[in-house]
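Scroll down for the structure; my scribbles are underneath it.
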Amino acid sequence: MSAAHNTTKPQHAKVRSDCVISSPAAVPFRIPASFSGTSTPLTPRSAAALSSASLHAQRTRRPMFIGIGGGRGSGKEHTCHNIISTLRRLGHAELADRVVHLHLDDFHRAPSASDSEQLRLGNEQINYDHPESYDFALLHKVLAQLGSGEPTEVPMWDRRRKERKGWRTVECTPRVVLLEGTLVLFGREVRECLDMRVFLDVDSDTRLGRQVRAAIEQDEQVDLKRFLDLYLFVAKPSFEEFVWPTKRWADVIIPKGDTNGVAIELIAQRLIDLGQDP
């Protein structure tokens with residue numbers, strides 16, 4: 001971690017605010033409409049506007065930023081991997097090597113020491129799908145640095161321990177930045193950095209099944225009743241409140257998520273056609 005990080009006052013997840021569930025019956029409070037951008041006109045970008053944004057990235061040789069949103073279990077991470085592997089399959093390995101893959105989960109706010117203890121004791125539960133659990137200001141700063149070609153330090157999040165585990169440095173100048181996460185399309189500042197906005201539209205049964213399977217693979221002794229309680233009373237309301245409405249901002253909506261090979265190949269071909277090769 002650099003000296004800059006040591007001198008910066010850490011911002012912690014608000015454990016006793018909107019993003020905390022202290023009982024299964026509680027659901028997150030609403031947040032101001034201005035934060036989610038709903039106070040602005042809901043006019044999706046036209047094909048011409050999308051093309052203009054992409055061509056601007058081509059002319060300036062800045063990276064092309066693609067945001068991939070959708071609910072948990074929709075296949076966002078696999079979609080990014082599939083785009084990169086498709087570039088390689090189509091004979092553009094050099095371009096694939098210059099793709100930077102960012103996870104929104106790496107930008108979770110860390111809970112304070114006292115709140116971490118309460119979490120460890122099981123007295124409280126953070127809703128990690130709530131917007132306040134993410135450091136969008138840090139994300140915006142990272143995107144700006146990647147766009148300018150500077151070496152950029154990116155946080156890393158330990159998904160099992162639910163804590164920040166360090167930083168990694170992106171030394172190369174990327175040609176494409178793939179940013180994926182449930183709330184990638186939520187904040188206005190981040191949306192405005194994106195040249196292409198994608199939403200994976202996968203039915204809730206499929207997403208839940210994938211999440212249950214992943215939980216069991218991670219821990220065979222997982223308490224399924226507790227897991228389903230969290231899904232029904234925390235994750236599902238958060239999806240309906242915060243994630244699903246971001247679909248309105250998408251330039252591209254992909255049914256079936258990461259299994260939609262046609263859509264993934266079209267995105268990869270778009271990168272090639274725009275001349276994003278180094």
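So you can find residues: chains in the structure tokens are A, B, ... in the order shown, residues in each start at 1, and ligands are numbered from 1 in order.
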Selection: 7 Å around A:Ile253, only C-alpha atoms, excl. self and same-chain fewer than 2 positions, as a PyMOL selection string: chain A and resi 198-201+250-251+255
Selected residues written out, N, CA, C and O atoms, as a JSON list (two decimals), in the first residue's frame:
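What landed in part_3.json:
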```json
[["chain", "number", "residue", "atom", "x", "y", "z"],
["A", 198, "VAL", "N", -23.80, -2.13, -20.33],
["A", 198, "VAL", "CA", -24.43, -3.42, -20.60],
["A", 198, "VAL", "C", -25.16, -3.89, -19.34],
["A", 198, "VAL", "O", -24.67, -3.72, -18.23],
["A", 199, "PHE", "N", -26.33, -4.49, -19.53],
["A", 199, "PHE", "CA", -27.07, -5.08, -18.43],
["A", 199, "PHE", "C", -27.41, -6.52, -18.78],
["A", 199, "PHE", "O", -27.97, -6.79, -19.86],
["A", 200, "LEU", "N", -27.06, -7.45, -17.89],
["A", 200, "LEU", "CA", -27.36, -8.86, -18.10],
["A", 200, "LEU", "C", -28.72, -9.18, -17.49],
["A", 200, "LEU", "O", -28.90, -9.08, -16.28],
["A", 201, "ASP", "N", -29.67, -9.55, -18.33],
["A", 201, "ASP", "CA", -31.05, -9.79, -17.91],
["A", 201, "ASP", "C", -31.27, -11.29, -17.77],
["A", 201, "ASP", "O", -31.55, -11.99, -18.75],
["A", 250, "ALA", "N", -28.92, 1.15, -19.63],
["A", 250, "ALA", "CA", -28.11, 0.26, -20.48],
["A", 250, "ALA", "C", -28.23, 0.62, -21.95],
["A", 250, "ALA", "O", -29.32, 0.92, -22.45],
["A", 251, "ASP", "N", -27.10, 0.57, -22.67],
["A", 251, "ASP", "CA", -27.10, 0.66, -24.13],
["A", 251, "ASP", "C", -27.39, -0.70, -24.74],
["A", 251, "ASP", "O", -27.98, -0.79, -25.81],
["A", 255, "PRO", "N", -30.04, -10.83, -22.84],
["A", 255, "PRO", "CA", -30.79, -11.93, -22.21],
["A", 255, "PRO", "C", -29.88, -13.14, -22.03],
["A", 255, "PRO", "O", -28.95, -13.36, -22.80]]
```
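Atom pair atom CA of A:Ile267 / atom CA of A:Val252 has a distance of 9.6 Å (rounded to one decimal).
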- prompt: Looking at only C-alpha atoms, which of A:Leu230, A:Val154, A:Leu143, A:Ile83 is the one that sits closest to A:Glu192?
  reply: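 With only C-alpha atoms as the atom set, the closest residue is A:Leu143.
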query: What's the 10 Å shell around A:Tyr128, counting only C-alpha atoms, without same-chain residues fewer than 3 positions away, as a list of chain:residue names?
result: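 The residues satisfying every condition are A:Ala13, A:Cys19, A:Val20, A:Asp105, A:His108, A:Arg109, A:Gln125, A:Pro131, A:Glu132, A:Ser133, A:Tyr134, A:Lys162, A:Val234, A:Ala235, A:Ser238.
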task: Calculate how many Å separate atom CA of A:Ala110 from atom CA of A:Val184, rounding to one decimal.
output: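 Atom CA of A:Ala110 sits 18.7 Å away from atom CA of A:Val184.
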